[in-house]
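> Take a look at this one; I'll ask things after.
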Amino acid sequence: MFYQLSTLRNYLPILFISALLLSTVDIYAGTKSLGMGGFGTAYALEVDTVNPAGIVELGNRLDYGFGLLYQTGRARVKGNTQGLNGKFDTMRDRYWPAGTFGYNKMIRSNLSFAILQKPITGVKSRYNKVCGLFGTTKTGVELEIVALCPTISWQICKNHCLGLSFNYVLAREKYKGFQATIPISKRPNHVTNKGYNYSRGYGLTIGYKWQITPQFVVGVAYTPKNHITRFRKYDGLKPSGIISVPAILHAGCAFHYNKKTTVTFDFVHFDIKRVPTASNSPFAPHPAGAPNGPGAGWRNLMFYTLGGEYKMNEKLTFRIGGSYARQPITRHVTIGTPECVGLTKFLLSMGTTYKISEKMESSISFSHGFRNTIKGKNSIPIKGGGGEYDITYSPTVILIGGTWIL
């Protein structure tokens, strides 16, 4: 069993890595959609959208967005009898670049080909001082996963659209300061301080959109689990050395109250339980890097999002949105998320678009995740010195984007 190992601290660096799966930059679509909560399954505002079915209705165009994620994270060990207590700033590198891109070309009046780029996961976590739970030097992690998505979108009849995206996933990671994992790793030479490691993967997204009435639209999109090839330099950390992107289900509706006002609702489900890196128990009695080795102990993640759009006039549009997330992290596994990301529970967004001309628009959106703290409960086993592990996180995203009608 886990408790029969020499010390808990040997396993904690593995948990740090396990939780990176959904350390998202809180951007799932483009600049406009971010201002309404970030999804828009039934209401495509730009090419870089979560539902490929709606792209065909946008026409020939180019959408892009660039911005920054600002994040703060804190961790606290308290009540530990092995002298590991302390407070830690886990986000010394607070700024993280973010961006989206989408281009759509009409092949026929009811068929289009698009290519879009979307961020999937991004984190840059660096401790302000050494935490003995993980290693002998300052712990640091960089992880970037983005997808390039060639897409076909087809309006099969007046009120029904289908879309299919092929997702080519690119990933890069680097880990420092995980020396404590080496003694219990299946591959001790593939744990820490190996520089950047690159990987890739493939997947699909299928979407459907149905305009039930002129005012009411529903949409759904599904992405099966995307498999990413093994990170060989660090396959002594994660189960099988793999970080897979979980299956994601989007379902939403849009109500066009009048020509000026639209209200949207979205439900999003991340199937984390089928991804060993995130879902395996942090107390698994197996070596680090083994297929059944320790994970973060996360449960499935769900978002509920409400958004609104108001067109003040032909030039100016305002948007606002809010979301609630059922957290994947429970109190007894806080120690599985020491980088303190992915904790956002309530998020508020707003944005605006200014129409410069008939062919050009400029947009800006802002999104803030309110600070959330999860206090550990029986989160550090007695044989690891006991005590609790508390984590805090808050992200803020700003995107500036544009639309060019071709």
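In the structure tokens, chains take letters A, B, ... by order of appearance, with residues numbered from 1 within each chain and ligands from 1 in the order shown.
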Got a sec: who's within 7 Å of Asn372 of chain A, counting only C-alpha atoms, leaving out chain neighbours fewer than 3 positions off, as a list in words?

Leu343, Thr344, Lys345, Thr392, Tyr393 and Ser394 of chain A

> Considering only helix (DSSP H, G or I) as DSSP defines it on the backbone, what residues of segment 225-302 of chain A qualify? List them as a list in words.

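Residues meeting the helix (DSSP H, G or I) criterion: Arg232, Lys233, Tyr234, Pro239, Ser240, Gly241, Ile272, Lys273, Arg274, Pro276, Thr277, Ala278 and Ser279 of chain A.
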
> Keeping only C-alpha atoms, write the selected residues to a file as an mmCIF file, in the first residue's frame.


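As a result, out_1.cif now contains:
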data_model
loop_
_atom_site.group_PDB
_atom_site.id
_atom_site.type_symbol
_atom_site.label_atom_id
_atom_site.label_comp_id
_atom_site.auth_asym_id
_atom_site.auth_seq_id
_atom_site.Cartn_x
_atom_site.Cartn_y
_atom_site.Cartn_z
ATOM 1 C CA ARG A 232 9.561 10.114 -22.873
ATOM 2 C CA LYS A 233 11.817 12.498 -20.960
ATOM 3 C CA TYR A 234 9.329 12.559 -18.086
ATOM 4 C CA PRO A 239 0.944 7.061 -15.486
ATOM 5 C CA SER A 240 2.561 5.690 -18.666
ATOM 6 C CA GLY A 241 4.091 9.133 -19.229
ATOM 7 C CA ILE A 272 -11.814 13.156 -16.341
ATOM 8 C CA LYS A 273 -12.501 9.730 -14.875
ATOM 9 C CA ARG A 274 -11.239 8.053 -18.043
ATOM 10 C CA PRO A 276 -5.483 7.959 -15.480
ATOM 11 C CA THR A 277 -3.124 10.907 -15.052
ATOM 12 C CA ALA A 278 -5.918 12.971 -13.523
ATOM 13 C CA SER A 279 -8.223 10.349 -12.020
#

> When you count only C-alpha atoms, which of these residues is closest to Gly54 of chain A: A:Ile184, A:Ala325, A:Ala221, A:Ala284?

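Of the candidates, the smallest distance to Gly54 of chain A is held by A:Ala221.
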
> Where in segment 137-383 of chain A does DSSP assign strand (DSSP E or B), given as a VMD selection string?

chain A and resid 140 to 157 160 to 176 185 197 to 211 216 to 223 226 to 228 245 247 to 256 261 to 271 288 301 to 311 316 to 326 346 to 355 360 to 369 372 to 374

> Compile the contact shell of Gly207 of chain A as a list in words: residues with an atom at most 6 Å away, counting only C-alpha atoms, same-chain residues fewer than 2 positions apart removed.

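Using only C-alpha atoms, the neighbours found are Asn51, Pro52, Ala53, Leu162, Gly163, Val220 and Ala221 of chain A.
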
> Next, the residues of the selection above should be written as a JSON list (two decimals), in the first residue's frame with N, CA and C atoms.


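out23.json, freshly written:
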[["chain", "number", "residue", "atom", "x", "y", "z"],
["A", 51, "ASN", "N", -18.18, 24.73, -31.22],
["A", 51, "ASN", "CA", -19.07, 23.89, -32.01],
["A", 51, "ASN", "C", -18.83, 24.14, -33.50],
["A", 52, "PRO", "N", -18.22, 23.19, -34.21],
["A", 52, "PRO", "CA", -17.91, 23.42, -35.63],
["A", 52, "PRO", "C", -19.13, 23.53, -36.52],
["A", 53, "ALA", "N", -20.31, 23.13, -36.03],
["A", 53, "ALA", "CA", -21.51, 23.16, -36.86],
["A", 53, "ALA", "C", -21.92, 24.58, -37.23],
["A", 162, "LEU", "N", -24.23, 20.65, -39.50],
["A", 162, "LEU", "CA", -23.29, 19.68, -38.94],
["A", 162, "LEU", "C", -21.87, 20.21, -39.11],
["A", 163, "GLY", "N", -20.99, 19.79, -38.22],
["A", 163, "GLY", "CA", -19.60, 20.18, -38.33],
["A", 163, "GLY", "C", -18.68, 19.08, -37.84],
["A", 220, "VAL", "N", -24.99, 21.13, -29.90],
["A", 220, "VAL", "CA", -24.25, 20.14, -29.13],
["A", 220, "VAL", "C", -22.96, 19.82, -29.86],
["A", 221, "ALA", "N", -21.90, 19.59, -29.12],
["A", 221, "ALA", "CA", -20.60, 19.21, -29.70],
["A", 221, "ALA", "C", -19.94, 18.20, -28.77]]

> Give me, as a Markdown table, the closest atom pair and its distance (Å, one decimal) for every residue of segment 85-143 of chain A within a cut-off of 12 Å of segment 380-384 of chain A, counting only C-alpha atoms, rows sorted by chain and rising number.


| residue | atom | partner | partner_atom | distance |
| --- | --- | --- | --- | --- |
| A:Asn85 | CA | A:Ile380 | CA | 11.7 |
| A:Gly132 | CA | A:Gly384 | CA | 11.8 |
| A:Leu133 | CA | A:Gly384 | CA | 9.5 |

> I'd like to know which of A:Gln155, A:Tyr389, A:Leu237, A:Pro97 is closest to Val191 of chain A, using only C-alpha atoms.

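Among A:Gln155, A:Tyr389, A:Leu237, A:Pro97, it is A:Leu237 that comes nearest to Val191 of chain A.
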
> From the options A:Arg371, A:His250, A:Lys138, A:Arg319, which residue's atoms come nearest to Leu45 of chain A, counting only C-alpha atoms?

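Closest residue, counting only C-alpha atoms: A:Arg319.
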
> Contacts of segment 357-366 of chain A at 6 Å or less, counting only C-alpha atoms, minus same-chain residues fewer than 4 places along, as an mmCIF file with C-alpha atoms, in the first residue's frame?


data_model
loop_
_atom_site.group_PDB
_atom_site.id
_atom_site.type_symbol
_atom_site.label_atom_id
_atom_site.label_comp_id
_atom_site.auth_asym_id
_atom_site.auth_seq_id
_atom_site.Cartn_x
_atom_site.Cartn_y
_atom_site.Cartn_z
ATOM 1 C CA THR A 31 -12.619 36.853 -28.019
ATOM 2 C CA GLY A 35 -17.161 37.946 -23.137
ATOM 3 C CA SER A 349 -16.869 37.841 -18.113
ATOM 4 C CA MET A 350 -17.616 40.932 -20.144
ATOM 5 C CA GLY A 351 -16.690 42.287 -23.531
ATOM 6 C CA THR A 352 -17.507 44.617 -26.367
ATOM 7 C CA THR A 353 -17.196 44.779 -30.157
ATOM 8 C CA VAL A 397 -7.846 36.768 -18.776
ATOM 9 C CA ILE A 398 -7.917 39.659 -21.213
ATOM 10 C CA LEU A 399 -8.199 39.166 -24.984
ATOM 11 C CA ILE A 400 -8.050 41.724 -27.765
ATOM 12 C CA GLY A 401 -9.234 40.453 -31.118
ATOM 13 C CA GLY A 402 -10.470 41.332 -34.537
ATOM 14 C CA THR A 403 -12.654 40.131 -37.386
ATOM 15 C CA TRP A 404 -11.937 40.611 -41.062
ATOM 16 C CA ILE A 405 -14.799 39.837 -43.438
#

> At what distance in Å, to one decimal, does atom CA of His269 of chain A lie from atom CA of Arg230 of chain A?

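Going from atom CA of Arg230 of chain A over to atom CA of His269 of chain A, I get 25.2 Å.
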
> Using only C-alpha atoms, determine which residues lie at most 6 Å from Ala251 of chain A, disregarding the query and same-chain residues fewer than 4 positions distant; provide the list as a ChimeraX atom specification.

/A:219-220,266-267

> Using only C-alpha atoms, pick whichever of A:Leu111, A:Ala254, A:Ala98, A:Met91 has the shortest atom-to-atom distance to Leu58 of chain A.

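Of A:Leu111, A:Ala254, A:Ala98, A:Met91, the one nearest Leu58 of chain A, counting only C-alpha atoms, is A:Leu111.
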
> What is the atom CA of Gly65 of chain A to atom CA of Ser165 of chain A distance in Å?

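Interatomic distance, atom CA of Gly65 of chain A to atom CA of Ser165 of chain A: 20.0 Å.
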
> Pick the closest to Tyr208 of chain A from A:Lys375, A:Lys174, A:His160, A:Arg94: which is it, counting only C-alpha atoms?

A:His160

> Select, from A:Ser185, A:Thr205, A:Asn258, A:Thr49, the residue with the minimum atom-to-atom distance to Asp235 of chain A, counting only C-alpha atoms.

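Ranked by minimum distance to Asp235 of chain A, first place goes to A:Ser185.
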
> For Ala29 of chain A, find every residue with an atom within 8 Å (counting only C-alpha atoms), except residues of its own chain fewer than 3 positions away, and show them as a list of chain:residue names.

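In the requested form, the answer reads A:Ser33, A:Leu34, A:Gly38, A:Phe39, A:Asp48, A:Thr49, A:Val50, A:Thr100, A:Lys118.
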